[in-house]
file upload_34.pdb (PDB, C-alpha atoms)
ATOM      1  CA  MET A   1      34.733 109.830  58.251  1.00  0.00           C
ATOM      2  CA  GLU A   2      32.451 108.429  60.941  1.00  0.00           C
ATOM      3  CA  VAL A   3      34.379 105.908  63.075  1.00  0.00           C
ATOM      4  CA  HIS A   4      32.799 103.750  65.784  1.00  0.00           C
ATOM      5  CA  HIS A   5      34.788 101.739  68.335  1.00  0.00           C
ATOM      6  CA  VAL A   6      32.632  98.619  68.242  1.00  0.00           C
ATOM      7  CA  THR A   7      34.461  96.649  70.952  1.00  0.00           C
ATOM      8  CA  GLU A   8      34.545  99.511  73.456  1.00  0.00           C
ATOM      9  CA  ASN A   9      32.188  97.802  75.902  1.00  0.00           C
ATOM     10  CA  ALA A  10      33.878  94.401  75.838  1.00  0.00           C
ATOM     11  CA  GLU A  11      34.152  92.549  79.143  1.00  0.00           C
ATOM     12  CA  THR A  12      36.803  90.132  77.847  1.00  0.00           C
ATOM     13  CA  PHE A  13      40.235  90.794  76.348  1.00  0.00           C
ATOM     14  CA  THR A  14      40.022  92.073  72.785  1.00  0.00           C
ATOM     15  CA  CYS A  15      41.645  94.546  70.485  1.00  0.00           C
ATOM     16  CA  ASN A  16      39.904  97.752  69.528  1.00  0.00           C
ATOM     17  CA  ALA A  17      37.833  97.074  66.397  1.00  0.00           C
ATOM     18  CA  TYR A  18      36.791 100.136  64.415  1.00  0.00           C
ATOM     19  CA  LEU A  19      33.833 100.515  62.082  1.00  0.00           C
ATOM     20  CA  ALA A  20      34.332 103.293  59.521  1.00  0.00           C
ATOM     21  CA  VAL A  21      30.988 104.278  57.999  1.00  0.00           C
ATOM     22  CA  GLY A  22      31.103 106.045  54.649  1.00  0.00           C
ATOM     23  CA  ASP A  23      31.364 105.501  50.916  1.00  0.00           C
ATOM     24  CA  ARG A  24      32.882 102.101  51.637  1.00  0.00           C
ATOM     25  CA  THR A  25      31.857 100.997  55.111  1.00  0.00           C
ATOM     26  CA  ALA A  26      34.687  98.915  56.535  1.00  0.00           C
ATOM     27  CA  LEU A  27      35.806  97.281  59.759  1.00  0.00           C
ATOM     28  CA  VAL A  28      39.433  97.503  60.846  1.00  0.00           C
ATOM     29  CA  ASP A  29      40.121  94.289  62.773  1.00  0.00           C
ATOM     30  CA  ALA A  30      37.335  92.020  63.982  1.00  0.00           C
ATOM     31  CA  GLY A  31      38.247  91.753  67.649  1.00  0.00           C
ATOM     32  CA  ALA A  32      37.416  88.973  70.096  1.00  0.00           C
ATOM     33  CA  MET A  33      34.220  90.310  71.669  1.00  0.00           C
ATOM     34  CA  ASP A  34      31.103  88.176  71.607  1.00  0.00           C
ATOM     35  CA  GLY A  35      28.321  90.305  70.201  1.00  0.00           C
ATOM     36  CA  VAL A  36      30.476  92.383  67.855  1.00  0.00           C
ATOM     37  CA  VAL A  37      28.141  91.480  64.967  1.00  0.00           C
ATOM     38  CA  ASP A  38      25.194  93.015  66.834  1.00  0.00           C
ATOM     39  CA  GLU A  39      27.250  96.108  67.601  1.00  0.00           C
ATOM     40  CA  ILE A  40      28.142  96.511  63.919  1.00  0.00           C
ATOM     41  CA  ARG A  41      24.480  96.056  62.977  1.00  0.00           C
ATOM     42  CA  SER A  42      23.529  98.890  65.316  1.00  0.00           C
ATOM     43  CA  HIS A  43      25.396 101.210  62.929  1.00  0.00           C
ATOM     44  CA  THR A  44      25.008  99.588  59.492  1.00  0.00           C
ATOM     45  CA  ASP A  45      23.443  96.691  57.619  1.00  0.00           C
ATOM     46  CA  ASP A  46      26.028  96.836  54.848  1.00  0.00           C
ATOM     47  CA  LEU A  47      29.610  96.044  55.839  1.00  0.00           C
ATOM     48  CA  GLU A  48      31.605  96.036  52.608  1.00  0.00           C
ATOM     49  CA  ALA A  49      35.108  95.246  53.836  1.00  0.00           C
ATOM     50  CA  ILE A  50      37.262  94.091  56.738  1.00  0.00           C
ATOM     51  CA  VAL A  51      40.911  95.113  56.872  1.00  0.00           C
ATOM     52  CA  LEU A  52      43.200  93.247  59.288  1.00  0.00           C
ATOM     53  CA  THR A  53      46.227  94.941  60.809  1.00  0.00           C
ATOM     54  CA  HIS A  54      47.527  91.493  61.854  1.00  0.00           C
ATOM     55  CA  GLN A  55      46.216  88.115  62.873  1.00  0.00           C
ATOM     56  CA  HIS A  56      46.806  87.772  66.609  1.00  0.00           C
ATOM     57  CA  GLY A  57      43.816  86.119  68.277  1.00  0.00           C
ATOM     58  CA  ASP A  58      42.480  89.282  69.895  1.00  0.00           C
ATOM     59  CA  HIS A  59      42.198  90.828  66.418  1.00  0.00           C
ATOM     60  CA  VAL A  60      40.650  87.937  64.475  1.00  0.00           C
ATOM     61  CA  ALA A  61      38.698  85.712  66.902  1.00  0.00           C
ATOM     62  CA  GLN A  62      35.367  87.104  65.647  1.00  0.00           C
ATOM     63  CA  LEU A  63      36.411  87.337  61.983  1.00  0.00           C
ATOM     64  CA  GLU A  64      34.477  84.278  60.831  1.00  0.00           C
ATOM     65  CA  ALA A  65      31.327  85.438  62.641  1.00  0.00           C
ATOM     66  CA  VAL A  66      31.509  88.860  60.991  1.00  0.00           C
ATOM     67  CA  VAL A  67      32.176  87.327  57.569  1.00  0.00           C
ATOM     68  CA  GLU A  68      29.230  84.971  57.970  1.00  0.00           C
ATOM     69  CA  ALA A  69      26.943  87.838  58.939  1.00  0.00           C
ATOM     70  CA  PHE A  70      27.921  90.369  56.252  1.00  0.00           C
ATOM     71  CA  ASP A  71      29.968  88.579  53.534  1.00  0.00           C
ATOM     72  CA  PRO A  72      32.455  91.444  53.158  1.00  0.00           C
ATOM     73  CA  ASP A  73      35.718  91.542  51.251  1.00  0.00           C
ATOM     74  CA  VAL A  74      38.567  90.629  53.625  1.00  0.00           C
ATOM     75  CA  TYR A  75      41.951  92.288  53.247  1.00  0.00           C
ATOM     76  CA  ALA A  76      45.002  90.828  54.997  1.00  0.00           C
ATOM     77  CA  TYR A  77      48.755  90.696  54.564  1.00  0.00           C
ATOM     78  CA  ALA A  78      49.137  87.040  55.553  1.00  0.00           C
ATOM     79  CA  ASP A  79      47.075  84.111  54.349  1.00  0.00           C
ATOM     80  CA  HIS A  80      43.791  83.349  56.116  1.00  0.00           C
ATOM     81  CA  PRO A  81      40.874  81.126  55.044  1.00  0.00           C
ATOM     82  CA  ALA A  82      38.596  84.187  55.029  1.00  0.00           C
ATOM     83  CA  ARG A  83      40.970  86.444  53.081  1.00  0.00           C
ATOM     84  CA  THR A  84      39.690  87.583  49.696  1.00  0.00           C
ATOM     85  CA  HIS A  85      42.358  90.208  48.944  1.00  0.00           C
ATOM     86  CA  GLU A  86      46.068  90.122  49.771  1.00  0.00           C
ATOM     87  CA  ILE A  87      47.548  93.474  50.728  1.00  0.00           C
ATOM     88  CA  ASP A  88      51.203  94.420  50.713  1.00  0.00           C
ATOM     89  CA  ASP A  89      53.391  97.399  51.526  1.00  0.00           C
ATOM     90  CA  GLY A  90      52.572 100.286  49.220  1.00  0.00           C
ATOM     91  CA  ASP A  91      49.062  99.137  48.330  1.00  0.00           C
ATOM     92  CA  THR A  92      46.006 101.301  48.962  1.00  0.00           C
ATOM     93  CA  VAL A  93      42.650 100.347  50.449  1.00  0.00           C
ATOM     94  CA  GLU A  94      39.394 102.286  50.745  1.00  0.00           C
ATOM     95  CA  ILE A  95      38.083 102.619  54.311  1.00  0.00           C
ATOM     96  CA  GLY A  96      35.044 104.754  55.013  1.00  0.00           C
ATOM     97  CA  ASP A  97      35.467 107.910  52.955  1.00  0.00           C
ATOM     98  CA  GLU A  98      39.263 107.852  52.698  1.00  0.00           C
ATOM     99  CA  THR A  99      42.048 106.135  50.790  1.00  0.00           C
ATOM    100  CA  PHE A 100      44.648 104.546  53.070  1.00  0.00           C
ATOM    101  CA  ASP A 101      48.211 103.551  52.245  1.00  0.00           C
ATOM    102  CA  VAL A 102      49.300 100.152  53.528  1.00  0.00           C
ATOM    103  CA  VAL A 103      52.581 100.355  55.470  1.00  0.00           C
ATOM    104  CA  PHE A 104      54.249  97.063  56.417  1.00  0.00           C
ATOM    105  CA  THR A 105      55.140  97.414  60.117  1.00  0.00           C
ATOM    106  CA  PRO A 106      56.410  94.091  61.544  1.00  0.00           C
ATOM    107  CA  GLY A 107      57.997  93.613  64.964  1.00  0.00           C
ATOM    108  CA  HIS A 108      54.972  93.000  67.152  1.00  0.00           C
ATOM    109  CA  ALA A 109      53.734  90.541  64.513  1.00  0.00           C
ATOM    110  CA  ASP A 110      55.355  89.275  61.315  1.00  0.00           C
ATOM    111  CA  ASP A 111      52.261  90.163  59.288  1.00  0.00           C
ATOM    112  CA  HIS A 112      51.567  93.589  60.810  1.00  0.00           C
ATOM    113  CA  VAL A 113      50.454  96.485  58.654  1.00  0.00           C
ATOM    114  CA  SER A 114      49.410 100.026  59.512  1.00  0.00           C
ATOM    115  CA  LEU A 115      46.941 102.059  57.473  1.00  0.00           C
ATOM    116  CA  VAL A 116      47.472 105.776  56.948  1.00  0.00           C
ATOM    117  CA  SER A 117      45.529 108.452  55.062  1.00  0.00           C
ATOM    118  CA  GLU A 118      45.914 112.207  54.823  1.00  0.00           C
ATOM    119  CA  SER A 119      44.097 112.601  58.143  1.00  0.00           C
ATOM    120  CA  SER A 120      43.945 109.271  59.971  1.00  0.00           C
ATOM    121  CA  LEU A 121      46.099 106.377  61.172  1.00  0.00           C
ATOM    122  CA  PHE A 122      44.937 102.867  62.007  1.00  0.00           C
ATOM    123  CA  SER A 123      48.104 101.754  63.774  1.00  0.00           C
ATOM    124  CA  GLY A 124      47.135  98.311  65.038  1.00  0.00           C
ATOM    125  CA  ASP A 125      49.588  97.380  67.779  1.00  0.00           C
ATOM    126  CA  VAL A 126      52.774  98.921  66.397  1.00  0.00           C
ATOM    127  CA  VAL A 127      52.105 102.199  68.246  1.00  0.00           C
ATOM    128  CA  VAL A 128      49.326 103.181  70.641  1.00  0.00           C
ATOM    129  CA  HIS A 129      48.447 106.377  72.437  1.00  0.00           C
ATOM    130  CA  ASP A 130      48.198 104.879  75.917  1.00  0.00           C
ATOM    131  CA  ASP A 131      48.230 101.473  77.572  1.00  0.00           C
ATOM    132  CA  GLY A 132      49.178  99.901  80.869  1.00  0.00           C
ATOM    133  CA  ALA A 133      52.837 100.735  80.360  1.00  0.00           C
ATOM    134  CA  PHE A 134      52.926 104.314  79.032  1.00  0.00           C
ATOM    135  CA  ASP A 135      50.672 107.291  78.373  1.00  0.00           C
ATOM    136  CA  TYR A 136      51.039 109.534  75.316  1.00  0.00           C
ATOM    137  CA  GLY A 137      53.079 107.241  73.119  1.00  0.00           C
ATOM    138  CA  SER A 138      53.552 103.509  73.613  1.00  0.00           C
ATOM    139  CA  PHE A 139      54.269 100.533  71.365  1.00  0.00           C
ATOM    140  CA  GLY A 140      53.394  96.884  70.939  1.00  0.00           C
ATOM    141  CA  ARG A 141      55.057  94.262  73.116  1.00  0.00           C
ATOM    142  CA  THR A 142      58.053  92.444  71.632  1.00  0.00           C
ATOM    143  CA  ASP A 143      58.925  89.903  74.329  1.00  0.00           C
ATOM    144  CA  MET A 144      57.077  86.887  72.941  1.00  0.00           C
ATOM    145  CA  ALA A 145      58.189  84.297  70.390  1.00  0.00           C
ATOM    146  CA  GLY A 146      58.421  85.667  66.876  1.00  0.00           C
ATOM    147  CA  GLN A 147      58.516  89.300  68.006  1.00  0.00           C
ATOM    148  CA  SER A 148      61.434  91.719  67.630  1.00  0.00           C
ATOM    149  CA  ARG A 149      62.084  95.117  69.203  1.00  0.00           C
ATOM    150  CA  GLU A 150      64.599  95.923  66.448  1.00  0.00           C
ATOM    151  CA  ARG A 151      62.049  95.281  63.703  1.00  0.00           C
ATOM    152  CA  LEU A 152      59.445  97.253  65.623  1.00  0.00           C
ATOM    153  CA  ILE A 153      61.790 100.249  65.849  1.00  0.00           C
ATOM    154  CA  GLU A 154      62.457 100.079  62.097  1.00  0.00           C
ATOM    155  CA  SER A 155      58.712  99.870  61.490  1.00  0.00           C
ATOM    156  CA  ILE A 156      57.938 102.964  63.568  1.00  0.00           C
ATOM    157  CA  ARG A 157      60.669 104.890  61.731  1.00  0.00           C
ATOM    158  CA  ASN A 158      59.222 103.787  58.401  1.00  0.00           C
ATOM    159  CA  LEU A 159      55.725 104.744  59.512  1.00  0.00           C
ATOM    160  CA  LEU A 160      56.924 108.242  60.399  1.00  0.00           C
ATOM    161  CA  GLU A 161      58.565 108.612  56.978  1.00  0.00           C
ATOM    162  CA  ARG A 162      55.374 107.539  55.203  1.00  0.00           C
ATOM    163  CA  MET A 163      52.885 109.462  57.345  1.00  0.00           C
ATOM    164  CA  PRO A 164      51.615 112.840  56.037  1.00  0.00           C
ATOM    165  CA  GLU A 165      52.120 115.875  58.256  1.00  0.00           C
ATOM    166  CA  GLY A 166      48.418 116.515  58.784  1.00  0.00           C
ATOM    167  CA  VAL A 167      47.371 113.245  60.414  1.00  0.00           C
ATOM    168  CA  GLU A 168      45.242 114.114  63.447  1.00  0.00           C
ATOM    169  CA  HIS A 169      43.290 110.935  64.275  1.00  0.00           C
ATOM    170  CA  MET A 170      44.907 107.756  65.599  1.00  0.00           C
ATOM    171  CA  TYR A 171      42.906 104.567  66.036  1.00  0.00           C
ATOM    172  CA  ALA A 172      45.177 102.051  67.741  1.00  0.00           C
ATOM    173  CA  GLY A 173      44.608  98.383  68.505  1.00  0.00           C
ATOM    174  CA  HIS A 174      44.615  99.020  72.265  1.00  0.00           C
ATOM    175  CA  GLY A 175      44.218 101.974  74.583  1.00  0.00           C
ATOM    176  CA  GLY A 176      42.334 105.132  73.767  1.00  0.00           C
ATOM    177  CA  VAL A 177      41.544 106.872  70.501  1.00  0.00           C
ATOM    178  CA  PHE A 178      43.687 109.998  70.031  1.00  0.00           C
ATOM    179  CA  HIS A 179      42.835 113.239  68.237  1.00  0.00           C
ATOM    180  CA  GLY A 180      45.591 115.809  67.851  1.00  0.00           C
ATOM    181  CA  ASP A 181      49.224 115.797  66.748  1.00  0.00           C
ATOM    182  CA  VAL A 182      49.575 112.109  65.846  1.00  0.00           C
ATOM    183  CA  ARG A 183      53.132 112.543  64.599  1.00  0.00           C
ATOM    184  CA  ASP A 184      54.235 113.738  68.052  1.00  0.00           C
ATOM    185  CA  VAL A 185      52.662 110.666  69.691  1.00  0.00           C
ATOM    186  CA  VAL A 186      54.384 108.328  67.229  1.00  0.00           C
ATOM    187  CA  GLU A 187      57.729 110.103  67.723  1.00  0.00           C
ATOM    188  CA  THR A 188      57.325 109.669  71.497  1.00  0.00           C
ATOM    189  CA  SER A 189      56.643 105.965  70.953  1.00  0.00           C
ATOM    190  CA  LEU A 190      59.797 105.664  68.880  1.00  0.00           C
ATOM    191  CA  GLU A 191      61.933 107.388  71.525  1.00  0.00           C
ATOM    192  CA  ARG A 192      60.707 104.973  74.182  1.00  0.00           C
ATOM    193  CA  ALA A 193      61.153 101.914  71.976  1.00  0.00           C
ATOM    194  CA  GLU A 194      64.708 102.948  71.078  1.00  0.00           C
ATOM    195  CA  LYS A 195      65.722 102.876  74.745  1.00  0.00           C
ATOM    196  CA  ARG A 196      65.428  99.064  74.512  1.00  0.00           C
ATOM    197  CA  GLU A 197      64.105  98.943  78.075  1.00  0.00           C
ATOM    198  CA  PRO A 198      61.489  96.295  78.922  1.00  0.00           C
ATOM    199  CA  LYS A 199      57.993  97.555  78.319  1.00  0.00           C
ATOM    200  CA  TYR A 200      56.687  95.604  81.306  1.00  0.00           C
ATOM    201  CA  PRO A 201      58.619  94.922  84.552  1.00  0.00           C
ATOM    202  CA  ASP A 202      58.584  91.159  84.057  1.00  0.00           C
ATOM    203  CA  GLU A 203      59.541  91.265  80.369  1.00  0.00           C
TER     204      GLU A 203
END
call {"tool": "encode", "arguments": {"input": "upload_34.pdb", "output": "structure tokens"}}
result
Amino acid sequence: MEVHHVTENAETFTCNAYLAVGDRTALVDAGAMDGVVDEIRSHTDDLEAIVLTHQHGDHVAQLEAVVEAFDPDVYAYADHPARTHEIDDGDTVEIGDETFDVVFTPGHADDHVSLVSESSLFSGDVVVHDDGAFDYGSFGRTDMAGQSRERLIESIRNLLERMPEGVEHMYAGHGGVFHGDVRDVVETSLERAEKREPKYPDE
């Protein structure tokens, strides 16, 4: 599966938005970068689907612009004016050349889902490889209204139970893309989250 990080050159705060080119070309999260439509068009003229991991502003600010440009199907757990398909825990969705299981992973956001196939994980913000707090295994913040460290911990445990052994590509909502032993990174994230220590000094 050919995956492009289409918000990589953003100069403003945004999530990582990923374009998976294949049998069903799809975008995972729309991001908040002006010009993301042009970046998508540099790789494809036919965007068939958008799948949202959750609806925080940095993940959906450009959703309407992308929908207007390409008229794709829009998959989301929670309601949104642009949503065409509701997804829930245990559903499957086609992204690129692979079939992904939808895993409900709240804690960072009430509507958060992760997407996992035999080889790849789109983890949104539930776990990331690296960020400003930790390298090699971090997790989404849980210090704002509506967030819960306890739910996040349960979600990471559930993700580990549902994730096949051979997953070797992790595309997270922030930080870098990771290729290697994804399970080990997610287990490291869980260990850190379980310590219940603040992720950031002022948390």
call {"tool": "resolve_selection", "arguments": {"input": "upload_34.pdb", "expression": "the PyMOL selection byres ((chain A and resi 45) around 12)", "output": "count of residues only"}}
result
20
call {"tool": "residues_around", "arguments": {"input": "upload_34.pdb", "residues": "region 93-96 of chain A", "least_positions_apart": "2", "cutoff": "6 Å", "atoms": "only C-alpha atoms", "output": "list in words"}}
result
Ala20, Val21, Gly22, Asp23, Arg24, Thr25, Ala26, Glu98, Thr99 and Phe100 of chain A
call {"tool": "resolve_selection", "arguments": {"input": "upload_34.pdb", "expression": "the PyMOL selection byres ((chain A and resi 169-186) around 8)", "output": "ChimeraX atom specification"}}
result
/A:15-18,119-125,127-131,136-137,156,160,163,165,167-168,187-190
call {"tool": "residues_around", "arguments": {"input": "upload_34.pdb", "residues": "region 142-145 of chain A", "least_positions_apart": "3", "cutoff": "8 Å", "atoms": "all atoms listed in the file", "output": "list in words"}}
result
Gly107, His108, Ser148, Arg149, Leu152 and Glu203 of chain A
call {"tool": "axis_aligned_box", "arguments": {"input": "upload_34.pdb", "around": "region 15-23 of chain A", "padding_each_side": "8 Å", "output": "lines of an AutoDock Vina configuration file"}}
result
center_x = 36.3
center_y = 100.3
center_z = 60.7
size_x = 26.7
size_y = 27.5
size_z = 35.6
call {"tool": "atom_distance", "arguments": {"input": "upload_34.pdb", "atom1": "CA of Thr105 (chain A)", "atom2": "CA of Asp88 (chain A)"}}
result
10.6 Å
call {"tool": "atom_distance", "arguments": {"input": "upload_34.pdb", "atom1": "CA of Ala32 (chain A)", "atom2": "CA of Ala61 (chain A)"}}
result
4.7 Å
call {"tool": "atom_distance", "arguments": {"input": "upload_34.pdb", "atom1": "CA of Gln62 (chain A)", "atom2": "CA of Asp89 (chain A)"}}
result
25.1 Å
call {"tool": "resolve_selection", "arguments": {"input": "upload_34.pdb", "expression": "the PyMOL selection byres ((chain A and resi 63) around 12)", "output": "ChimeraX atom specification"}}
result
/A:17,27-37,49-52,54-62,64-76,80-83
call {"tool": "closest_residue", "arguments": {"input": "upload_34.pdb", "among": "A:His85, A:Arg162, A:Arg141, A:His5", "to": "Val103 (chain A)", "atoms": "all atoms listed in the file"}}
result
A:Arg162
call {"tool": "closest_residue", "arguments": {"input": "upload_34.pdb", "among": "A:Glu194, A:Tyr200, A:Gly140, A:Thr14", "to": "Pro106 (chain A)", "atoms": "only C-alpha atoms"}}
result
A:Gly140
call {"tool": "build_atoms", "arguments": {"input": "upload_34.pdb", "residues": "region 93-111 of chain A", "atoms": "N, CA and C atoms", "output": "mmCIF file, in the frame of the given file"}}
result
data_model
loop_
_atom_site.group_PDB
_atom_site.id
_atom_site.type_symbol
_atom_site.label_atom_id
_atom_site.label_comp_id
_atom_site.auth_asym_id
_atom_site.auth_seq_id
_atom_site.Cartn_x
_atom_site.Cartn_y
_atom_site.Cartn_z
ATOM 1 N N VAL A 93 43.938 100.976 50.150
ATOM 2 C CA VAL A 93 42.650 100.347 50.449
ATOM 3 C C VAL A 93 41.670 101.441 50.869
ATOM 4 N N GLU A 94 40.424 101.303 50.422
ATOM 5 C CA GLU A 94 39.394 102.286 50.745
ATOM 6 C C GLU A 94 38.714 101.898 52.057
ATOM 7 N N ILE A 95 38.717 102.820 53.009
ATOM 8 C CA ILE A 95 38.083 102.619 54.311
ATOM 9 C C ILE A 95 37.228 103.840 54.602
ATOM 10 N N GLY A 96 35.920 103.616 54.774
ATOM 11 C CA GLY A 96 35.044 104.754 55.013
ATOM 12 C C GLY A 96 35.018 105.678 53.814
ATOM 13 N N ASP A 97 35.438 106.915 54.024
ATOM 14 C CA ASP A 97 35.467 107.910 52.955
ATOM 15 C C ASP A 97 36.889 108.245 52.516
ATOM 16 N N GLU A 98 37.875 107.480 52.962
ATOM 17 C CA GLU A 98 39.263 107.852 52.698
ATOM 18 C C GLU A 98 40.050 106.714 52.058
ATOM 19 N N THR A 99 41.114 107.091 51.366
ATOM 20 C CA THR A 99 42.048 106.135 50.790
ATOM 21 C C THR A 99 43.247 106.015 51.724
ATOM 22 N N PHE A 100 43.560 104.792 52.129
ATOM 23 C CA PHE A 100 44.648 104.546 53.070
ATOM 24 C C PHE A 100 45.796 103.820 52.378
ATOM 25 N N ASP A 101 47.015 104.262 52.680
ATOM 26 C CA ASP A 101 48.211 103.551 52.245
ATOM 27 C C ASP A 101 48.497 102.425 53.232
ATOM 28 N N VAL A 102 48.896 101.286 52.705
ATOM 29 C CA VAL A 102 49.300 100.152 53.528
ATOM 30 C C VAL A 102 50.794 100.260 53.794
ATOM 31 N N VAL A 103 51.176 100.276 55.075
ATOM 32 C CA VAL A 103 52.581 100.355 55.470
ATOM 33 C C VAL A 103 52.921 99.085 56.251
ATOM 34 N N PHE A 104 53.837 98.301 55.736
ATOM 35 C CA PHE A 104 54.249 97.063 56.417
ATOM 36 C C PHE A 104 55.035 97.434 57.659
ATOM 37 N N THR A 105 54.544 96.997 58.838
ATOM 38 C CA THR A 105 55.140 97.414 60.117
ATOM 39 C C THR A 105 55.337 96.212 61.044
ATOM 40 N N PRO A 106 56.200 95.268 60.692
ATOM 41 C CA PRO A 106 56.410 94.091 61.544
ATOM 42 C C PRO A 106 57.191 94.427 62.813
ATOM 43 N N GLY A 107 57.285 93.461 63.689
ATOM 44 C CA GLY A 107 57.997 93.613 64.964
ATOM 45 C C GLY A 107 57.149 93.055 66.083
ATOM 46 N N HIS A 108 55.947 93.575 66.222
ATOM 47 C CA HIS A 108 54.972 93.000 67.152
ATOM 48 C C HIS A 108 54.385 91.724 66.569
ATOM 49 N N ALA A 109 54.210 91.714 65.246
ATOM 50 C CA ALA A 109 53.734 90.541 64.513
ATOM 51 C C ALA A 109 54.374 90.548 63.137
ATOM 52 N N ASP A 110 54.696 89.370 62.613
ATOM 53 C CA ASP A 110 55.355 89.275 61.315
ATOM 54 C C ASP A 110 54.487 89.786 60.183
ATOM 55 N N ASP A 111 53.168 89.774 60.364
ATOM 56 C CA ASP A 111 52.261 90.163 59.288
ATOM 57 C C ASP A 111 51.602 91.523 59.537
#
